[in-house]
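A short write-up of the structure that comes next.
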Amino acid sequence: MTPMARILVTLMAFILLGAATTACSPKTVPHVPDERISLDQLFDRLHDAASDQEARLIEATIRYAWTANARPETRKLMGQAITLVHHGELDEAEQLLDQIVEQAPDLVAAWNLRATIRYAQDDTTQALSDIAVTLKLEPRHFGAWAGLGLIMLDQGNKRAALRAFETALRYNPHMTDLWEDVVQLRRELSGIPT
């Protein structure tokens, strides 16, 4: 698979993984954290997850928590934006996300999804801007760190890509595709032939 194809597949995987949990209502998400479980605790549990299945469940819970505090109307708009992304209607999804971030400027999931869409549309400058906001709102956003790494890799900045991937993995060590990238980048940067 070419590097660009891999990047796009990875970006869509981030969208779909986040979208699947964001679009759900609390009644249909069996793993919604109870009010006493904080994001800090969820990140601790994610780091210590014993299996990929457990890690995916905790990751989905974190992604859900990033939208759980939004007003019902905003969650509905996020669901519509995700549906548009699934149908490949990226321009329309971006316009809807513009409205969402204006209405709910602290909604981490909206900023990150818009960053992903903008990068998929080759608007790297705006994607980086949205990633910066995402990481300001939630410095542990492993998806945003991974996205930043992909952009840096695409731009040929292997050192910055490696730092971003390593940061993503610090918050979510279960992102198996990134481990492969980290190993390869470390080899390339140390001069070891691949």
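Going through the structure tokens in order, the chains are called A, B, and so on, while each chain numbers its residues from 1 and the ligands are numbered from 1 in the order shown.
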
For A:Leu97: contacts at 9 Å, only C-alpha atoms, fewer than 6 positions along chain excluded, given as a list in words: Leu77, Met78, Ala81, Ala110, Trp111, Leu113 and Arg114 of chain A

So that I can check the surroundings of stretch 166-173 of chain A, please list as a PyMOL selection string every protein, DNA and RNA residue that reaches within 8 Å of it, counting only C-alpha atoms and ignoring chain neighbours fewer than 4 positions away. chain A and resi 43+46-47+140-146+162+178-179+182

List the neighbours of A:Glu94 out to 9 Å using only C-alpha atoms; skip same-chain residues closer than 4 positions along the sequence, and give me the result as a list in words. Ala81, Val85, Glu89, Leu90, Asp98, Gln99, Leu113, Arg114, Ile117 and Arg118 of chain A

Picked from stretch 35-101 of chain A by DSSP as alpha helix (DSSP H), as number ranges by chain: A: 39-48, 52-68, 72-86, 90-101

Please identify all polymer residues within 7 Å of A:Asp52, counting only C-alpha atoms, omitting same-chain residues fewer than 3 positions from it, and present them as a PyMOL selection string. chain A and resi 55-56+174

With only C-alpha atoms as the basis for distance, which of A:Thr116, A:Ser38, A:Gln80, A:Thr134 is at the shortest distance from A:Ile62?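 Of A:Thr116, A:Ser38, A:Gln80, A:Thr134, the one nearest A:Ile62 is A:Ser38, counting only C-alpha atoms.
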
Could you check how far atom CA of A:Ala115 sits from atom CA of A:Ile151, in Å to one decimal?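 For atom CA of A:Ala115 relative to atom CA of A:Ile151, the distance reads 10.7 Å.
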
From the options A:Leu42, A:Arg71, A:Phe165, A:Lys158, which residue's atoms come nearest to A:Glu180, counting only C-alpha atoms?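 Looking at the shortest contact to A:Glu180, the residue is A:Phe165.
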
Find the residue from A:Ala49, A:Ala93, A:Leu137, A:Leu39 that sits nearest to A:Ala68; use only C-alpha atoms when measuring.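 Closest to A:Ala68 of all the choices is A:Leu39.
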
Give the answer as one residue: which of A:Gln121, A:Leu135, A:Met152, A:Glu59 has the shortest atom-to-atom distance to A:Leu185, using only C-alpha atoms?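 Residue with the minimum atom-to-atom distance to A:Leu185: A:Met152.
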